[in-house]
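Engineer: My structure is below; once you've seen it, I'll send some questions.
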Amino acid sequence: MRIFSVPQNYNKANNVSFGWFVDDNARDAVYDAVKVEGTDPDTQRIYTSWAKSIEKCDFFEVYTDKESGKVKGRFDKEFVKENTKDDATYAHRYISTSLKIVNMLKVLDDLRVFRNIRVIANYI
């Protein structure tokens, strides 16, 4: 059996944050939406993990709309382009169908709503 050495810079992430919460208002609004009064701590951890998964996702961003003041979301243009151009594989069909459903239900228009955050977190 042959064992290859592990490069020295392995697991040294650059921690390049693409933003994905563009402003502090967007971050606060999403984290406030997942704080549900009266839930047990385990369930609250699940809700908080949804917001954290949105924060760590590199192809989805949350921002505050300057005109309306609503907290909205959008998928990266490159992600949408690469995953909707070809429906040959099941993964591409699933992603393109999911994007159509999210747009049809207008989930991205207001991410201060608990249900919308749950939908996005499940698709991510």
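In the structure tokens, the first chain shown is A, the next is B, and so on; residue numbers restart at 1 for each chain, and ligands run from 1 in the order shown.
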Mind listing the helix (DSSP H, G or I) residues of chain A, per DSSP on the backbone, as a ChimeraX atom specification?
Structural biologist: /A:24-33,41-56,77-84,90-104,107-109,114-123
Engineer: Would you pick out the contacts of segment 29-45 of chain A at 9 Å or less, using only C-alpha atoms, so that residues sharing its chain but fewer than 4 positions from it are not included, and give the list as a VMD selection string?
Structural biologist: chain A and resid 24 to 25 49 to 52 62 71 111 to 114 117 to 118
Engineer: Please identify which residues in segment 7-120 of chain A DSSP calls strand (DSSP E or B) from the backbone, and express them as number ranges by chain.
Structural biologist: A: 21, 60-64, 71-75
Engineer: Do you have the atom CA of Arg27 of chain A-atom CA of Thr84 of chain A distance handy?
Structural biologist: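 Computed distance, atom CA of Arg27 of chain A to atom CA of Thr84 of chain A, equals 28.2 Å.
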Engineer: Using only C-alpha atoms, can you tell me which of A:Val119, A:Arg93, A:Ala88, A:Asp109 comes closest to Ser68 of chain A?
Structural biologist: A:Asp109
Engineer: Could you give me, as a list in words, the residues within 12 Å of Thr97 of chain A, counting only C-alpha atoms and dropping anything in the same chain fewer than 2 positions from it?
Structural biologist: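 The residues satisfying every condition are Val80, Asn83, Thr84, Asp86, Asp87, Tyr90, Ala91, His92, Arg93, Tyr94, Ile95, Leu99, Lys100, Ile101, Val102, Asn103, Met104 and Tyr123 of chain A.
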Engineer: Keeping only N, CA and C atoms, write the selected residues to a file as a compact mmCIF listing (two decimals), in the first residue's frame.
Structural biologist:
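So the final result, stored in out02.txt, reads:
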# COMPACT_ATOMS: atom_id res chain seq x y z
N VAL A 80 -26.27 29.85 -10.39
CA VAL A 80 -27.51 29.67 -11.14
C VAL A 80 -27.21 29.31 -12.59
N ASN A 83 -25.82 25.67 -12.94
CA ASN A 83 -26.71 24.58 -12.57
C ASN A 83 -28.03 24.57 -13.31
N THR A 84 -28.31 25.58 -14.09
CA THR A 84 -29.55 25.58 -14.85
C THR A 84 -29.34 25.43 -16.35
N ASP A 86 -27.90 22.92 -17.92
CA ASP A 86 -27.93 21.54 -18.39
C ASP A 86 -28.74 20.70 -17.41
N ASP A 87 -29.79 20.05 -17.89
CA ASP A 87 -30.61 19.18 -17.04
C ASP A 87 -30.31 17.72 -17.30
N TYR A 90 -29.31 14.24 -12.57
CA TYR A 90 -30.34 14.42 -11.55
C TYR A 90 -30.04 15.62 -10.66
N ALA A 91 -28.78 15.83 -10.32
CA ALA A 91 -28.40 16.94 -9.45
C ALA A 91 -28.75 18.28 -10.09
N HIS A 92 -28.47 18.42 -11.37
CA HIS A 92 -28.80 19.67 -12.05
C HIS A 92 -30.31 19.88 -12.14
N ARG A 93 -31.06 18.81 -12.39
CA ARG A 93 -32.52 18.93 -12.44
C ARG A 93 -33.07 19.31 -11.08
N TYR A 94 -32.53 18.72 -10.01
CA TYR A 94 -32.99 19.03 -8.66
C TYR A 94 -32.72 20.49 -8.32
N ILE A 95 -31.53 20.97 -8.64
CA ILE A 95 -31.18 22.36 -8.33
C ILE A 95 -32.03 23.32 -9.15
N LEU A 99 -34.68 25.98 -7.58
CA LEU A 99 -34.61 27.42 -7.82
C LEU A 99 -35.93 27.95 -8.37
N LYS A 100 -36.58 27.19 -9.23
CA LYS A 100 -37.88 27.61 -9.77
C LYS A 100 -38.93 27.67 -8.67
N ILE A 101 -38.92 26.68 -7.77
CA ILE A 101 -39.90 26.65 -6.68
C ILE A 101 -39.68 27.83 -5.73
N VAL A 102 -38.42 28.07 -5.39
CA VAL A 102 -38.11 29.18 -4.48
C VAL A 102 -38.54 30.51 -5.09
N ASN A 103 -38.32 30.69 -6.37
CA ASN A 103 -38.74 31.93 -7.03
C ASN A 103 -40.26 32.01 -7.15
N MET A 104 -40.91 30.88 -7.42
CA MET A 104 -42.35 30.86 -7.56
C MET A 104 -43.04 31.20 -6.24
N TYR A 123 -32.89 23.84 1.24
CA TYR A 123 -32.37 23.72 -0.12
C TYR A 123 -30.86 23.85 -0.18
Engineer: Taking into account only C-alpha atoms, which residue in the set A:Asp110, A:Glu61, A:Glu82, A:Glu67 is nearest to Val22 of chain A?
Structural biologist: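 Looking only at the distances to Val22 of chain A, the closest residue turns out to be A:Glu61.
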Engineer: Using Å and a single decimal, report how far atom CA of Asp28 of chain A sits from atom CA of Ser98 of chain A.
Structural biologist: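 Between these atoms lies a distance of 26.0 Å.
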Engineer: Mind giving me the straight-line distance from atom CA of Asp76 of chain A to atom CA of Tyr47 of chain A in Å, one decimal?
Structural biologist: 23.7 Å
